[in-house]
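**Student:** What follows is run_12.pdb, made up of PDB, C-alpha atoms:
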ATOM      1  CA  MET A  18       7.723 -11.472  32.820
ATOM      2  CA  SER A  19       7.435 -11.039  29.066
ATOM      3  CA  LYS A  20      10.743 -10.747  27.267
ATOM      4  CA  ILE A  21      12.164 -10.154  23.819
ATOM      5  CA  LEU A  22      14.199 -12.780  22.006
ATOM      6  CA  TYR A  23      16.791 -11.466  19.578
ATOM      7  CA  VAL A  24      18.035 -13.669  16.741
ATOM      8  CA  PHE A  25      21.012 -12.736  14.546
ATOM      9  CA  LEU A  26      21.690 -14.648  11.310
ATOM     10  CA  ASP A  27      24.794 -15.145   9.200
ATOM     11  CA  GLU A  28      25.845 -17.353   6.304
ATOM     12  CA  GLY A  29      29.061 -18.730   4.818
ATOM     13  CA  GLY A  30      29.880 -20.232   1.456
ATOM     14  CA  ASN A  31      28.120 -19.415  -1.803
ATOM     15  CA  LEU A  32      25.113 -20.559  -3.764
ATOM     16  CA  ASP A  33      27.079 -21.723  -6.783
ATOM     17  CA  PHE A  34      26.035 -25.365  -7.053
ATOM     18  CA  SER A  35      28.528 -26.113  -9.843
ATOM     19  CA  ALA A  36      31.942 -27.706  -9.360
ATOM     20  CA  ASN A  37      33.335 -24.176  -8.941
ATOM     21  CA  GLY A  38      31.217 -23.430  -5.878
ATOM     22  CA  THR A  39      31.996 -24.024  -2.230
ATOM     23  CA  LYS A  40      31.427 -27.521  -0.893
ATOM     24  CA  TYR A  41      29.323 -26.293   2.021
ATOM     25  CA  PHE A  42      26.801 -23.575   2.718
ATOM     26  CA  VAL A  43      26.670 -22.780   6.443
ATOM     27  CA  LEU A  44      23.942 -20.887   8.299
ATOM     28  CA  THR A  45      24.281 -19.823  11.929
ATOM     29  CA  ALA A  46      21.738 -18.238  14.254
ATOM     30  CA  LEU A  47      22.798 -16.513  17.462
ATOM     31  CA  SER A  48      19.890 -16.018  19.866
ATOM     32  CA  LYS A  49      19.970 -14.092  23.130
ATOM     33  CA  GLN A  50      18.218 -11.594  25.350
ATOM     34  CA  ARG A  51      19.323  -8.224  26.622
ATOM     35  CA  PRO A  52      21.545  -6.862  28.083
ATOM     36  CA  PHE A  53      24.223  -7.098  25.389
ATOM     37  CA  ARG A  54      27.299  -6.659  27.539
ATOM     38  CA  ALA A  55      29.889  -7.426  24.849
ATOM     39  CA  TYR A  56      29.075  -4.172  23.037
ATOM     40  CA  GLN A  57      31.087  -1.979  25.393
ATOM     41  CA  PHE A  58      34.164  -4.173  25.115
ATOM     42  CA  LEU A  59      33.990  -4.397  21.317
ATOM     43  CA  ASN A  60      33.713  -0.613  21.128
ATOM     44  CA  GLU A  61      36.731  -0.248  23.408
ATOM     45  CA  LEU A  62      38.701  -2.698  21.264
ATOM     46  CA  LYS A  63      37.775  -0.857  18.087
ATOM     47  CA  TYR A  64      39.008   2.470  19.426
ATOM     48  CA  ASP A  65      42.134   0.890  20.951
ATOM     49  CA  LEU A  66      42.987  -0.384  17.462
ATOM     50  CA  ILE A  67      42.257   3.013  15.892
ATOM     51  CA  GLU A  68      44.548   4.701  18.423
ATOM     52  CA  GLU A  69      47.260   2.198  17.499
ATOM     53  CA  GLY A  70      47.017   3.347  13.888
ATOM     54  CA  HIS A  71      44.600   0.813  12.395
ATOM     55  CA  ASP A  72      41.768   2.065  10.194
ATOM     56  CA  ILE A  73      39.062  -0.347  11.358
ATOM     57  CA  GLU A  74      35.392   0.412  10.830
ATOM     58  CA  TYR A  75      33.905  -2.858  12.095
ATOM     59  CA  PHE A  76      34.890  -6.467  12.787
ATOM     60  CA  HIS A  77      34.705  -9.068  10.015
ATOM     61  CA  ALA A  78      36.295 -12.432  10.686
ATOM     62  CA  SER A  79      37.477 -13.326   7.185
ATOM     63  CA  GLU A  80      39.108  -9.919   6.667
ATOM     64  CA  ASP A  81      40.524  -9.158  10.133
ATOM     65  CA  ARG A  82      44.140  -9.876  11.020
ATOM     66  CA  GLN A  83      44.735 -12.844  13.323
ATOM     67  CA  ALA A  84      45.705 -10.584  16.229
ATOM     68  CA  VAL A  85      42.381  -8.753  15.864
ATOM     69  CA  ARG A  86      40.488 -12.036  15.625
ATOM     70  CA  ASP A  87      42.167 -13.254  18.807
ATOM     71  CA  SER A  88      41.030 -10.132  20.656
ATOM     72  CA  VAL A  89      37.466 -10.364  19.348
ATOM     73  CA  PHE A  90      37.216 -14.054  20.231
ATOM     74  CA  GLY A  91      38.482 -13.201  23.710
ATOM     75  CA  ILE A  92      35.540 -10.829  24.158
ATOM     76  CA  ILE A  93      33.105 -13.350  22.704
ATOM     77  CA  ASP A  94      34.459 -16.013  25.056
ATOM     78  CA  ASN A  95      33.786 -13.775  28.068
ATOM     79  CA  HIS A  96      30.194 -13.070  27.042
ATOM     80  CA  LEU A  97      28.783 -16.393  25.878
ATOM     81  CA  ASP A  98      26.572 -16.886  28.924
ATOM     82  CA  HIS A  99      22.878 -16.947  27.986
ATOM     83  CA  THR A 100      23.813 -17.085  24.293
ATOM     84  CA  GLN A 101      22.630 -19.922  22.062
ATOM     85  CA  LEU A 102      24.136 -20.867  18.717
ATOM     86  CA  ASP A 103      22.376 -23.108  16.213
ATOM     87  CA  CYS A 104      23.980 -23.945  12.908
ATOM     88  CA  LEU A 105      23.130 -25.826   9.754
ATOM     89  CA  ILE A 106      25.921 -27.185   7.554
ATOM     90  CA  ILE A 107      24.603 -28.018   4.109
ATOM     91  CA  GLU A 108      26.693 -30.133   1.744
ATOM     92  CA  LYS A 109      25.552 -28.610  -1.512
ATOM     93  CA  SER A 110      26.014 -31.771  -3.576
ATOM     94  CA  HIS A 111      23.162 -33.273  -1.518
ATOM     95  CA  VAL A 112      20.701 -30.511  -2.441
ATOM     96  CA  PRO A 113      18.236 -31.598  -5.160
ATOM     97  CA  SER A 114      18.346 -29.463  -8.308
ATOM     98  CA  SER A 115      14.719 -28.452  -7.678
ATOM     99  CA  LEU A 116      15.770 -26.672  -4.469
ATOM    100  CA  GLN A 117      18.915 -24.930  -5.720
ATOM    101  CA  ASP A 118      17.176 -21.720  -6.732
ATOM    102  CA  GLU A 119      17.425 -19.043  -4.020
ATOM    103  CA  GLU A 120      13.656 -18.684  -3.754
ATOM    104  CA  HIS A 121      13.380 -22.364  -2.842
ATOM    105  CA  PHE A 122      16.694 -22.933  -1.091
ATOM    106  CA  TYR A 123      16.509 -20.128   1.475
ATOM    107  CA  PRO A 124      13.011 -20.790   2.825
ATOM    108  CA  GLN A 125      13.851 -24.469   3.263
ATOM    109  CA  ALA A 126      17.286 -23.976   4.848
ATOM    110  CA  LEU A 127      16.373 -21.048   7.081
ATOM    111  CA  GLY A 128      13.108 -22.655   8.069
ATOM    112  CA  ASP A 129      14.991 -25.745   9.249
ATOM    113  CA  LEU A 130      17.479 -23.610  11.175
ATOM    114  CA  LEU A 131      14.867 -21.418  12.875
ATOM    115  CA  ALA A 132      12.872 -24.481  13.851
ATOM    116  CA  GLU A 133      15.939 -25.596  15.813
ATOM    117  CA  VAL A 134      16.350 -22.149  17.379
ATOM    118  CA  VAL A 135      12.848 -22.147  18.861
ATOM    119  CA  LYS A 136      12.486 -25.874  19.494
ATOM    120  CA  THR A 137      13.649 -25.906  23.131
ATOM    121  CA  ARG A 138      12.618 -22.395  24.125
ATOM    122  CA  ASP A 139       9.553 -21.547  26.142
ATOM    123  CA  LEU A 140       8.103 -19.120  23.635
ATOM    124  CA  ASP A 141       5.235 -18.168  25.951
ATOM    125  CA  ILE A 142       7.602 -15.910  27.897
ATOM    126  CA  PHE A 143       8.455 -13.812  24.850
ATOM    127  CA  LYS A 144       6.258 -10.923  23.797
ATOM    128  CA  GLN A 145       8.334 -10.374  20.679
ATOM    129  CA  VAL A 146      11.026 -12.000  18.527
ATOM    130  CA  ILE A 147      13.296  -9.656  16.567
ATOM    131  CA  VAL A 148      15.367 -11.221  13.798
ATOM    132  CA  PHE A 149      18.357  -9.415  12.270
ATOM    133  CA  THR A 150      20.156 -10.212   9.033
ATOM    134  CA  ASP A 151      22.885  -8.279   7.319
ATOM    135  CA  ARG A 152      21.526  -5.834   4.786
ATOM    136  CA  LEU A 153      20.798  -7.776   1.622
ATOM    137  CA  PRO A 154      21.319  -6.158  -1.769
ATOM    138  CA  VAL A 155      19.158  -8.633  -3.701
ATOM    139  CA  HIS A 156      15.411  -8.217  -3.137
ATOM    140  CA  LYS A 157      14.729 -11.748  -4.363
ATOM    141  CA  LYS A 158      16.971 -13.132  -1.635
ATOM    142  CA  ARG A 159      15.439 -10.839   0.970
ATOM    143  CA  ARG A 160      11.947 -12.034   0.135
ATOM    144  CA  ALA A 161      13.035 -15.659   0.417
ATOM    145  CA  ILE A 162      14.556 -15.070   3.852
ATOM    146  CA  GLU A 163      11.499 -13.206   5.103
ATOM    147  CA  LYS A 164       9.269 -15.991   3.831
ATOM    148  CA  ALA A 165      11.218 -18.576   5.828
ATOM    149  CA  ILE A 166      11.225 -16.517   9.012
ATOM    150  CA  LYS A 167       7.519 -15.764   8.829
ATOM    151  CA  LYS A 168       6.643 -19.383   8.102
ATOM    152  CA  VAL A 169       8.345 -20.655  11.260
ATOM    153  CA  LEU A 170       7.541 -17.838  13.671
ATOM    154  CA  ALA A 171       3.904 -17.499  12.658
ATOM    155  CA  VAL A 172       3.349 -21.150  13.557
ATOM    156  CA  ARG A 173       5.502 -21.390  16.670
ATOM    157  CA  LEU A 174       4.835 -18.126  18.488
ATOM    158  CA  PRO A 175       1.800 -17.554  20.738
ATOM    159  CA  LYS A 176      -1.001 -15.698  18.958
ATOM    160  CA  ASP A 177      -0.452 -12.468  20.873
ATOM    161  CA  ALA A 178       3.322 -12.434  20.333
ATOM    162  CA  LYS A 179       4.879 -10.245  17.655
ATOM    163  CA  TYR A 180       7.887 -10.707  15.431
ATOM    164  CA  LYS A 181       9.957  -8.331  13.379
ATOM    165  CA  ILE A 182      12.569  -8.855  10.646
ATOM    166  CA  LEU A 183      15.253  -6.200  10.218
ATOM    167  CA  HIS A 184      17.956  -6.014   7.550
ATOM    168  CA  HIS A 185      20.780  -3.901   9.001
ATOM    169  CA  SER A 186      24.330  -3.340   7.901
ATOM    170  CA  SER A 187      26.641  -5.492  10.022
ATOM    171  CA  ARG A 188      28.798  -2.384  10.415
ATOM    172  CA  SER A 189      26.100  -0.957  12.674
ATOM    173  CA  ASN A 190      25.418  -4.051  14.783
ATOM    174  CA  HIS A 191      27.953  -5.779  17.026
ATOM    175  CA  ASP A 192      25.862  -8.928  17.319
ATOM    176  CA  LEU A 193      25.826  -9.330  13.542
ATOM    177  CA  GLN A 194      29.607  -9.059  13.777
ATOM    178  CA  ILE A 195      29.678 -11.650  16.568
ATOM    179  CA  VAL A 196      27.528 -14.125  14.632
ATOM    180  CA  ASP A 197      29.780 -13.509  11.604
ATOM    181  CA  TYR A 198      32.743 -14.579  13.749
ATOM    182  CA  CYS A 199      30.883 -17.632  15.023
ATOM    183  CA  ASN A 200      29.709 -18.691  11.571
ATOM    184  CA  TRP A 201      33.228 -18.175  10.192
ATOM    185  CA  THR A 202      34.754 -20.530  12.720
ATOM    186  CA  ILE A 203      32.045 -23.182  12.222
ATOM    187  CA  TYR A 204      32.599 -22.950   8.482
ATOM    188  CA  ARG A 205      36.380 -23.284   9.005
ATOM    189  CA  LYS A 206      35.875 -26.355  11.142
ATOM    190  CA  HIS A 207      33.981 -28.193   8.431
ATOM    191  CA  VAL A 208      36.030 -26.992   5.448
ATOM    192  CA  THR A 209      39.591 -27.064   6.805
ATOM    193  CA  GLY A 210      39.329 -28.912  10.122
ATOM    194  CA  ASP A 211      40.579 -25.809  11.987
ATOM    195  CA  LEU A 212      39.305 -26.084  15.583
ATOM    196  CA  ARG A 213      41.254 -23.262  17.216
ATOM    197  CA  SER A 214      38.468 -20.697  17.353
ATOM    198  CA  TYR A 215      35.760 -23.365  17.443
ATOM    199  CA  GLU A 216      36.968 -24.377  20.904
ATOM    200  CA  VAL A 217      36.133 -20.853  22.093
ATOM    201  CA  ILE A 218      32.474 -20.930  21.042
ATOM    202  CA  LYS A 219      31.517 -24.593  21.211
ATOM    203  CA  ARG A 220      29.972 -24.409  24.685
ATOM    204  CA  ALA A 221      27.310 -22.052  23.303
ATOM    205  CA  ILE A 222      26.424 -24.339  20.378
ATOM    206  CA  ARG A 223      23.135 -26.107  21.002
ATOM    207  CA  THR A 224      22.724 -27.663  17.573
ATOM    208  CA  GLU A 225      25.221 -28.251  14.791
ATOM    209  CA  LYS A 226      23.335 -30.157  12.123
ATOM    210  CA  LYS A 227      25.078 -31.377   8.988
ATOM    211  CA  VAL A 228      22.902 -32.349   6.034
TER
END
Please go through the file and, once you have read it, give me the structure as structure tokens.

**Tutor:**
Amino acid sequence: MSKILYVFLDEGGNLDFSANGTKYFVLTALSKQRPFRAYQFLNELKYDLIEEGHDIEYFHASEDRQAVRDSVFGIIDNHLDHTQLDCLIIEKSHVPSSLQDEEHFYPQALGDLLAEVVKTRDLDIFKQVIVFTDRLPVHKKRRAIEKAIKKVLAVRLPKDAKYKILHHSSRSNHDLQIVDYCNWTIYRKHVTGDLRSYEVIKRAIRTEKKV
């Protein structure tokens, strides 16, 4: 039976390659198929919090209180089956100056990550791959991301398979919020050594490549 593979992307760190920038830039891809059963529980949690007096529009790991993070990670933990996480941890001091521009950096980094995402999958069973990123305000960055995605998928997918790239606000998409949480905890692991939340998601991590 033909299926659809969904891929959700998130990033952590910044692209300041000076001494003032972050040490790492982390990219995470969450890939899965329907049904998305965590949605109902995240909606219930959101409205439970609103009824308790919290003005919460969506979940964002770096901004949420610890009690909220604990609840979200509990839902993620219960719905990791059939979910694959692939992540790329880039130590920015290792990136050649010729690749530090966004138009060069993103196609290279995302291309490497997406190659890992599709490497072990039987792509012949998928009639379509749909890739989501958070809505990007900079068109230059958007073009670089689309270039990377097209480069990998055009080569790896069967000729009759389709792919689509969508830039949606994470406020509207629970899986973009979930991959934000996952990327946040992977970033925390490598920057601060904090493994608390990492222990929740690690069974879904297929690749965690540090370069």

**Student:** Skip Phe76 of chain A itself and residues of its chain fewer than 3 positions away, then list as an NGL selection string all residues within 8 Å of it, counting only C-alpha atoms.

**Tutor:** :A and (73 or 81 or 188 or 194)

**Student:** Excluding same-chain residues fewer than 6 positions from Leu127 of chain A, what lies within 9 Å of it counting only C-alpha atoms, as a ChimeraX atom specification?

**Tutor:** /A:44,105,162,165-166

**Student:** Can you pull out every residue within 10 Å of Arg173 of chain A, counting all atoms listed in the file, but drop anything in the same chain fewer than 6 positions away, and send it as a short mmCIF file (atom, residue, chain, number, x, y, z; two decimals) with C-alpha atoms, in the coordinates of the input?

**Tutor:**
data_model
loop_
_atom_site.label_atom_id
_atom_site.label_comp_id
_atom_site.auth_asym_id
_atom_site.auth_seq_id
_atom_site.Cartn_x
_atom_site.Cartn_y
_atom_site.Cartn_z
CA ALA A 132 12.87 -24.48 13.85
CA VAL A 135 12.85 -22.15 18.86
CA LYS A 136 12.49 -25.87 19.49
CA LEU A 140 8.10 -19.12 23.64
CA ASP A 141 5.24 -18.17 25.95
CA LYS A 167 7.52 -15.76 8.83
#

**Student:** So what does the PyMOL selection byres ((chain A and resi 204) around 12) actually pick up in this one, as a ChimeraX atom specification?

**Tutor:** /A:27-31,39-45,78-79,104-108,196-203,205-212,214-215,225,227

**Student:** Measuring between all atoms listed in the file, which one of A:Leu183, A:Pro52, A:Leu170, A:Asp118 shows the shortest distance to Glu133 of chain A?

**Tutor:** A:Leu170

**Student:** Go ahead and find all residues with at least one atom no further than 10 Å from (25.1, -18.0, 27.2) in the file's coordinates, using all atoms listed in the file; report them as a PyMOL selection string.

**Tutor:** chain A and resi 48-50+94-102+220-222

**Student:** For Arg51 of chain A, list every protein, DNA or RNA residue within 10 Å, evaluated using only C-alpha atoms, and leave out those in the same chain fewer than 3 positions away; present the list as a PDB file with C-alpha atoms, keeping the file's coordinate frame.

**Tutor:**
ATOM      1  CA  LYS A  20      10.743 -10.747  27.267  1.00  0.00           C
ATOM      2  CA  ILE A  21      12.164 -10.154  23.819  1.00  0.00           C
ATOM      3  CA  LEU A  22      14.199 -12.780  22.006  1.00  0.00           C
ATOM      4  CA  TYR A  23      16.791 -11.466  19.578  1.00  0.00           C
ATOM      5  CA  ARG A  54      27.299  -6.659  27.539  1.00  0.00           C
ATOM      6  CA  HIS A  99      22.878 -16.947  27.986  1.00  0.00           C
TER       7      HIS A  99
END

**Student:** Given the point (30.1, -3.3, 14.2) in the coordinates of this file, which residues lie within 12 Å, counting only C-alpha atoms, and how would they look as a PyMOL selection string?

**Tutor:** chain A and resi 55-64+73-78+89+151+185-198

**Student:** Store the residues picked out above in a file with C-alpha atoms, as a PDB file, keeping the file's coordinate frame.

**Tutor:**
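Output file result09.pdb follows:
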ATOM      1  CA  ALA A  55      29.889  -7.426  24.849  1.00  0.00           C
ATOM      2  CA  TYR A  56      29.075  -4.172  23.037  1.00  0.00           C
ATOM      3  CA  GLN A  57      31.087  -1.979  25.393  1.00  0.00           C
ATOM      4  CA  PHE A  58      34.164  -4.173  25.115  1.00  0.00           C
ATOM      5  CA  LEU A  59      33.990  -4.397  21.317  1.00  0.00           C
ATOM      6  CA  ASN A  60      33.713  -0.613  21.128  1.00  0.00           C
ATOM      7  CA  GLU A  61      36.731  -0.248  23.408  1.00  0.00           C
ATOM      8  CA  LEU A  62      38.701  -2.698  21.264  1.00  0.00           C
ATOM      9  CA  LYS A  63      37.775  -0.857  18.087  1.00  0.00           C
ATOM     10  CA  TYR A  64      39.008   2.470  19.426  1.00  0.00           C
ATOM     11  CA  ILE A  73      39.062  -0.347  11.358  1.00  0.00           C
ATOM     12  CA  GLU A  74      35.392   0.412  10.830  1.00  0.00           C
ATOM     13  CA  TYR A  75      33.905  -2.858  12.095  1.00  0.00           C
ATOM     14  CA  PHE A  76      34.890  -6.467  12.787  1.00  0.00           C
ATOM     15  CA  HIS A  77      34.705  -9.068  10.015  1.00  0.00           C
ATOM     16  CA  ALA A  78      36.295 -12.432  10.686  1.00  0.00           C
ATOM     17  CA  VAL A  89      37.466 -10.364  19.348  1.00  0.00           C
ATOM     18  CA  ASP A 151      22.885  -8.279   7.319  1.00  0.00           C
ATOM     19  CA  HIS A 185      20.780  -3.901   9.001  1.00  0.00           C
ATOM     20  CA  SER A 186      24.330  -3.340   7.901  1.00  0.00           C
ATOM     21  CA  SER A 187      26.641  -5.492  10.022  1.00  0.00           C
ATOM     22  CA  ARG A 188      28.798  -2.384  10.415  1.00  0.00           C
ATOM     23  CA  SER A 189      26.100  -0.957  12.674  1.00  0.00           C
ATOM     24  CA  ASN A 190      25.418  -4.051  14.783  1.00  0.00           C
ATOM     25  CA  HIS A 191      27.953  -5.779  17.026  1.00  0.00           C
ATOM     26  CA  ASP A 192      25.862  -8.928  17.319  1.00  0.00           C
ATOM     27  CA  LEU A 193      25.826  -9.330  13.542  1.00  0.00           C
ATOM     28  CA  GLN A 194      29.607  -9.059  13.777  1.00  0.00           C
ATOM     29  CA  ILE A 195      29.678 -11.650  16.568  1.00  0.00           C
ATOM     30  CA  VAL A 196      27.528 -14.125  14.632  1.00  0.00           C
ATOM     31  CA  ASP A 197      29.780 -13.509  11.604  1.00  0.00           C
ATOM     32  CA  TYR A 198      32.743 -14.579  13.749  1.00  0.00           C
TER      33      TYR A 198
END

**Student:** Measure the distance from atom CA of Asp65 of chain A to atom CA of Val24 of chain A in Å and round it to one decimal.

**Tutor:**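 Result for atom CA of Asp65 of chain A versus atom CA of Val24 of chain A: 28.5 Å, one decimal.
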
**Student:** Rank A:Ile67, A:Gln83, A:Asn37, A:Gln117 by their smallest atom-to-atom distance to Arg213 of chain A, using all atoms listed in the file, and report the top residue only.

**Tutor:**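 Residue with the minimum atom-to-atom distance to Arg213 of chain A: A:Gln83.
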
**Student:** Quick check, in Å to one decimal: how far apart do atom CA of Glu120 of chain A and atom CA of Arg160 of chain A lie?

**Tutor:**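 Spanning atom CA of Glu120 of chain A to atom CA of Arg160 of chain A is a straight-line distance of 7.9 Å.
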
**Student:** I'd like the interatomic distance between atom CA of Ala178 of chain A and atom CA of Lys144 of chain A, to a tenth of an Å.

**Tutor:**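 Between atom CA of Ala178 of chain A and atom CA of Lys144 of chain A the gap is 4.8 Å.
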
**Student:** I need the residue nearest Leu131 of chain A from this list: A:Lys164, A:Lys179, A:Glu68, A:His184. Use all atoms listed in the file for the distance.

**Tutor:**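 Counting all atoms listed in the file, the residue closest to Leu131 of chain A is A:Lys164.
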
**Student:** Point out the residue among A:Phe34, A:Tyr180, A:Phe90, A:Tyr123 with the least atom-to-atom distance to Val148 of chain A, counting only C-alpha atoms.

**Tutor:**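 Closest to Val148 of chain A of all the choices is A:Tyr180.
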
**Student:** Name the closest residue to Ile92 of chain A among the candidates A:Lys181, A:Pro175, A:Val217, A:Ala161; distances are taken between atoms, counting only C-alpha atoms.

**Tutor:** A:Val217

**Student:** With all atoms of segment 19-25 of chain A from the file as input, state the centre and edge lengths in Å to one decimal of the axis-aligned box that has 5 Å extra on each side, as JSON.

**Tutor:**
{"center_x": 14.2, "center_y": -11.9, "center_z": 21.8, "size_x": 23.6, "size_y": 13.5, "size_z": 24.5}

**Student:** Can you fill out segment 51-75 of chain A with N, CA and C atoms and hand it back as a CSV table (one decimal), in the coordinates of the input?

**Tutor:**
chain,number,residue,atom,x,y,z
A,51,ARG,N,18.6,-9.3,26.0
A,51,ARG,CA,19.3,-8.2,26.6
A,51,ARG,C,19.6,-8.5,28.1
A,52,PRO,N,20.7,-7.9,28.6
A,52,PRO,CA,21.5,-6.9,28.1
A,52,PRO,C,22.7,-7.5,27.2
A,53,PHE,N,23.2,-6.7,26.3
A,53,PHE,CA,24.2,-7.1,25.4
A,53,PHE,C,25.5,-6.5,25.9
A,54,ARG,N,26.1,-7.2,26.8
A,54,ARG,CA,27.3,-6.7,27.5
A,54,ARG,C,28.6,-6.6,26.7
A,55,ALA,N,28.7,-7.4,25.7
A,55,ALA,CA,29.9,-7.4,24.8
A,55,ALA,C,30.1,-6.1,24.1
A,56,TYR,N,29.0,-5.4,23.9
A,56,TYR,CA,29.1,-4.2,23.0
A,56,TYR,C,30.1,-3.2,23.5
A,57,GLN,N,30.1,-2.9,24.8
A,57,GLN,CA,31.1,-2.0,25.4
A,57,GLN,C,32.5,-2.4,25.1
A,58,PHE,N,32.8,-3.7,25.3
A,58,PHE,CA,34.2,-4.2,25.1
A,58,PHE,C,34.6,-4.2,23.6
A,59,LEU,N,33.7,-4.5,22.7
A,59,LEU,CA,34.0,-4.4,21.3
A,59,LEU,C,34.2,-3.0,20.9
A,60,ASN,N,33.5,-2.0,21.4
A,60,ASN,CA,33.7,-0.6,21.1
A,60,ASN,C,35.1,-0.2,21.6
A,61,GLU,N,35.4,-0.6,22.9
A,61,GLU,CA,36.7,-0.2,23.4
A,61,GLU,C,37.8,-0.8,22.6
A,62,LEU,N,37.7,-2.1,22.1
A,62,LEU,CA,38.7,-2.7,21.3
A,62,LEU,C,38.8,-1.9,20.0
A,63,LYS,N,37.7,-1.6,19.4
A,63,LYS,CA,37.8,-0.9,18.1
A,63,LYS,C,38.6,0.4,18.2
A,64,TYR,N,38.3,1.2,19.3
A,64,TYR,CA,39.0,2.5,19.4
A,64,TYR,C,40.4,2.3,19.9
A,65,ASP,N,40.7,1.2,20.6
A,65,ASP,CA,42.1,0.9,21.0
A,65,ASP,C,42.9,0.7,19.7
A,66,LEU,N,42.3,-0.1,18.7
A,66,LEU,CA,43.0,-0.4,17.5
A,66,LEU,C,43.2,0.9,16.6
A,67,ILE,N,42.1,1.8,16.6
A,67,ILE,CA,42.3,3.0,15.9
A,67,ILE,C,43.4,3.9,16.5
A,68,GLU,N,43.5,3.9,17.8
A,68,GLU,CA,44.5,4.7,18.4
A,68,GLU,C,45.9,4.1,18.1
A,69,GLU,N,46.0,2.8,17.9
A,69,GLU,CA,47.3,2.2,17.5
A,69,GLU,C,47.6,2.4,16.0
A,70,GLY,N,46.7,3.0,15.3
A,70,GLY,CA,47.0,3.3,13.9
A,70,GLY,C,46.3,2.5,12.9
A,71,HIS,N,45.4,1.7,13.3
A,71,HIS,CA,44.6,0.8,12.4
A,71,HIS,C,43.3,1.5,12.0
A,72,ASP,N,43.0,1.5,10.7
A,72,ASP,CA,41.8,2.1,10.2
A,72,ASP,C,40.7,0.9,10.1
A,73,ILE,N,40.0,0.8,11.3
A,73,ILE,CA,39.1,-0.3,11.4
A,73,ILE,C,37.7,0.2,11.6
A,74,GLU,N,36.8,-0.1,10.7
A,74,GLU,CA,35.4,0.4,10.8
A,74,GLU,C,34.5,-0.5,11.6
A,75,TYR,N,34.7,-1.8,11.4
A,75,TYR,CA,33.9,-2.9,12.1
A,75,TYR,C,34.7,-4.2,12.0
